[in-house]
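Asks: Handing you a structure now.
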Amino acid sequence: MVESHSFAGQFASSPRGARHARRHAVRCLEGWGFPPASDASCAVALVVGELAANAVRHGRVPGRDFGLRLALDTAAGLVRVEVVDAASGKRPPAAVPSSFPEGESGRGLLLVDALALRWGVTPRHPVGKTVWAQVPVASP
(Lines give C-alpha, C1' and ligand atoms only; values in the text may rest on other atoms or scores of the structure.)
Protein backbone atom coordinates (compact mmCIF):
# COMPACT_ATOMS: atom_id res chain seq x y z
CA MET A 1 0.00 0.00 0.00
CA VAL A 2 1.33 3.43 -0.99
CA GLU A 3 1.01 5.97 1.77
CA SER A 4 0.72 9.64 0.95
CA HIS A 5 -0.13 12.83 2.80
CA SER A 6 -0.91 16.30 1.55
CA PHE A 7 -1.59 19.85 2.68
CA ALA A 8 -2.82 22.96 0.86
CA GLY A 9 -3.21 26.43 2.32
CA GLN A 10 -3.12 30.16 1.63
CA PHE A 11 -0.80 32.63 3.35
CA ALA A 12 -0.55 36.42 3.37
CA SER A 13 1.84 37.73 0.76
CA SER A 14 4.15 39.24 3.39
CA PRO A 15 7.35 38.26 5.22
CA ARG A 16 5.17 37.13 8.12
CA GLY A 17 3.11 34.95 5.76
CA ALA A 18 6.32 33.35 4.44
CA ARG A 19 7.41 32.56 8.03
CA HIS A 20 3.98 31.06 8.77
CA ALA A 21 4.20 28.87 5.65
CA ARG A 22 7.62 27.55 6.72
CA ARG A 23 6.42 26.85 10.28
CA HIS A 24 3.31 25.13 8.98
CA ALA A 25 5.45 22.92 6.73
CA VAL A 26 7.47 21.83 9.78
CA ARG A 27 4.24 21.00 11.67
CA CYS A 28 2.92 19.01 8.68
CA LEU A 29 6.10 16.99 8.43
CA GLU A 30 6.01 16.35 12.17
CA GLY A 31 2.47 15.00 11.77
CA TRP A 32 3.75 12.78 8.95
CA GLY A 33 6.43 11.28 11.21
CA PHE A 34 9.42 13.56 10.57
CA PRO A 35 10.56 15.32 13.78
CA PRO A 36 11.34 19.06 13.45
CA ALA A 37 15.09 18.50 13.86
CA SER A 38 15.23 15.71 11.23
CA ASP A 39 17.10 16.20 7.96
CA ALA A 40 13.84 15.83 6.02
CA SER A 41 12.01 18.49 8.03
CA CYS A 42 14.94 20.92 7.87
CA ALA A 43 15.35 20.46 4.11
CA VAL A 44 11.65 20.95 3.40
CA ALA A 45 11.53 23.96 5.75
CA LEU A 46 14.44 25.61 3.91
CA VAL A 47 12.88 24.98 0.50
CA VAL A 48 9.46 26.26 1.63
CA GLY A 49 11.09 29.29 3.25
CA GLU A 50 13.05 30.21 0.11
CA LEU A 51 10.18 29.66 -2.32
CA ALA A 52 7.70 31.50 -0.07
CA ALA A 53 10.12 34.42 0.38
CA ASN A 54 10.54 34.62 -3.40
CA ALA A 55 6.76 34.57 -3.87
CA VAL A 56 6.43 37.45 -1.41
CA ARG A 57 9.35 39.45 -2.77
CA HIS A 58 9.05 38.85 -6.51
CA GLY A 59 5.58 37.39 -7.09
CA ARG A 60 3.43 39.59 -4.89
CA VAL A 61 0.29 41.07 -6.38
CA PRO A 62 -1.49 43.51 -4.04
CA GLY A 63 -4.53 41.94 -2.42
CA ARG A 64 -3.55 38.38 -3.37
CA ASP A 65 -2.20 35.68 -1.05
CA PHE A 66 0.23 32.97 -2.07
CA GLY A 67 -0.55 29.28 -1.88
CA LEU A 68 1.48 26.42 -0.45
CA ARG A 69 0.94 22.76 -1.29
CA LEU A 70 2.90 19.88 0.20
CA ALA A 71 2.58 16.26 -0.84
CA LEU A 72 4.45 13.32 0.67
CA ASP A 73 4.92 10.26 -1.51
CA THR A 74 6.39 7.64 0.82
CA ALA A 75 6.93 5.11 -1.99
CA ALA A 76 9.07 7.58 -3.95
CA GLY A 77 10.66 9.06 -0.82
CA LEU A 78 9.77 12.62 -1.91
CA VAL A 79 7.99 15.67 -0.61
CA ARG A 80 6.70 17.87 -3.41
CA VAL A 81 6.62 21.54 -2.45
CA GLU A 82 4.55 23.93 -4.56
CA VAL A 83 4.34 27.67 -3.98
CA VAL A 84 1.75 29.48 -6.08
CA ASP A 85 1.66 33.23 -6.67
CA ALA A 86 -0.36 35.55 -8.91
CA ALA A 87 2.51 37.20 -10.83
CA SER A 88 2.74 35.63 -14.28
CA GLY A 89 5.44 37.89 -15.70
CA LYS A 90 8.04 37.42 -12.97
CA ARG A 91 9.62 33.98 -13.28
CA PRO A 92 12.74 32.65 -11.58
CA PRO A 93 15.67 31.84 -13.86
CA ALA A 94 15.53 28.48 -15.64
CA ALA A 95 18.79 27.48 -13.95
CA VAL A 96 20.68 28.61 -10.89
CA PRO A 97 23.19 31.34 -11.81
CA SER A 98 26.80 30.13 -11.79
CA SER A 99 27.78 33.25 -9.87
CA PHE A 100 25.71 35.46 -7.66
CA PRO A 101 26.03 38.96 -6.23
CA GLU A 102 28.05 39.70 -3.12
CA GLY A 103 24.94 41.23 -1.50
CA GLU A 104 22.69 39.69 1.11
CA SER A 105 20.25 38.13 -1.34
CA GLY A 106 20.35 36.05 -4.50
CA ARG A 107 21.29 32.69 -3.02
CA GLY A 108 17.85 31.19 -2.35
CA LEU A 109 17.58 29.19 -5.55
CA LEU A 110 21.09 27.89 -4.95
CA LEU A 111 19.79 26.35 -1.69
CA VAL A 112 16.70 24.98 -3.43
CA ASP A 113 18.86 23.48 -6.16
CA ALA A 114 21.15 21.84 -3.58
CA LEU A 115 18.31 20.36 -1.50
CA ALA A 116 15.83 19.35 -4.20
CA LEU A 117 16.09 16.41 -6.55
CA ARG A 118 14.63 18.74 -9.18
CA TRP A 119 12.67 22.01 -9.30
CA GLY A 120 10.95 24.19 -11.85
CA VAL A 121 8.22 26.64 -12.74
CA THR A 122 4.81 25.92 -14.25
CA PRO A 123 2.59 28.72 -15.56
CA ARG A 124 -0.97 28.92 -14.24
CA HIS A 125 -3.85 29.97 -16.41
CA PRO A 126 -5.26 32.55 -16.58
CA VAL A 127 -2.74 34.17 -14.21
CA GLY A 128 0.20 33.28 -11.99
CA LYS A 129 2.74 30.52 -11.67
CA THR A 130 3.67 27.56 -9.51
CA VAL A 131 7.28 27.14 -8.42
CA TRP A 132 7.80 23.54 -7.34
CA ALA A 133 10.54 21.38 -5.89
CA GLN A 134 10.85 17.66 -5.15
CA VAL A 135 12.74 17.15 -1.89
CA PRO A 136 14.06 13.65 -1.17
CA VAL A 137 13.24 12.31 2.29
CA ALA A 138 13.99 9.03 4.03
CA SER A 139 11.08 7.07 5.48
CA PRO A 140 10.04 8.38 8.90
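Here's how to read the names in the C-alpha coordinates: chain A, B, ... by the order shown, residue numbers from 1 in each chain, ligand numbers from 1 in the order shown.
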Hey, what's within 9 Å of Val83 of chain A if we count only C-alpha atoms and toss same-chain stuff fewer than 5 positions away? As a VMD selection string, please?

Replies: chain A and resid 48 51 to 52 55 66 to 70 129 to 132

Asks: Would you export the selected residues with N, CA and C atoms as an mmCIF file, in the first residue's frame, please?

Replies:
data_model
loop_
_atom_site.group_PDB
_atom_site.id
_atom_site.type_symbol
_atom_site.label_atom_id
_atom_site.label_comp_id
_atom_site.auth_asym_id
_atom_site.auth_seq_id
_atom_site.Cartn_x
_atom_site.Cartn_y
_atom_site.Cartn_z
ATOM 1 N N VAL A 48 10.697 25.480 1.484
ATOM 2 C CA VAL A 48 9.464 26.260 1.625
ATOM 3 C C VAL A 48 9.797 27.708 1.952
ATOM 4 N N LEU A 51 11.189 29.466 -1.285
ATOM 5 C CA LEU A 51 10.178 29.664 -2.324
ATOM 6 C C LEU A 51 9.091 30.635 -1.867
ATOM 7 N N ALA A 52 8.705 30.567 -0.594
ATOM 8 C CA ALA A 52 7.702 31.504 -0.072
ATOM 9 C C ALA A 52 8.259 32.926 -0.046
ATOM 10 N N ALA A 55 8.135 34.239 -3.488
ATOM 11 C CA ALA A 55 6.761 34.568 -3.874
ATOM 12 C C ALA A 55 6.350 35.917 -3.300
ATOM 13 N N PHE A 66 -0.460 34.028 -1.330
ATOM 14 C CA PHE A 66 0.234 32.972 -2.071
ATOM 15 C C PHE A 66 -0.213 31.635 -1.487
ATOM 16 N N GLY A 67 -0.131 30.606 -2.308
ATOM 17 C CA GLY A 67 -0.546 29.282 -1.880
ATOM 18 C C GLY A 67 0.643 28.371 -1.643
ATOM 19 N N LEU A 68 0.477 27.445 -0.722
ATOM 20 C CA LEU A 68 1.482 26.418 -0.447
ATOM 21 C C LEU A 68 0.795 25.073 -0.519
ATOM 22 N N ARG A 69 1.401 24.151 -1.265
ATOM 23 C CA ARG A 69 0.944 22.764 -1.290
ATOM 24 C C ARG A 69 2.139 21.878 -0.976
ATOM 25 N N LEU A 70 1.895 20.889 -0.135
ATOM 26 C CA LEU A 70 2.899 19.881 0.200
ATOM 27 C C LEU A 70 2.286 18.520 -0.062
ATOM 28 N N LYS A 129 1.795 31.604 -11.425
ATOM 29 C CA LYS A 129 2.743 30.517 -11.672
ATOM 30 C C LYS A 129 2.857 29.663 -10.416
ATOM 31 N N THR A 130 3.352 28.459 -10.609
ATOM 32 C CA THR A 130 3.673 27.555 -9.514
ATOM 33 C C THR A 130 5.156 27.255 -9.593
ATOM 34 N N VAL A 131 5.879 27.529 -8.522
ATOM 35 C CA VAL A 131 7.279 27.138 -8.415
ATOM 36 C C VAL A 131 7.281 25.895 -7.540
ATOM 37 N N TRP A 132 7.873 24.809 -8.042
ATOM 38 C CA TRP A 132 7.797 23.538 -7.345
ATOM 39 C C TRP A 132 9.202 22.951 -7.153
#

Asks: Please run DSSP on the backbone and report, as a PyMOL selection string, all residues within chain A that come out as strand (DSSP E or B).

Replies: chain A and resi 4-11+66-73+78-85+118-123+129-136

Asks: Go through A:Gly9, A:Gly59, A:Pro15, A:Pro123 and flag the residue nearest Val81 of chain A, using only C-alpha atoms for the distances.

Replies: A:Gly9
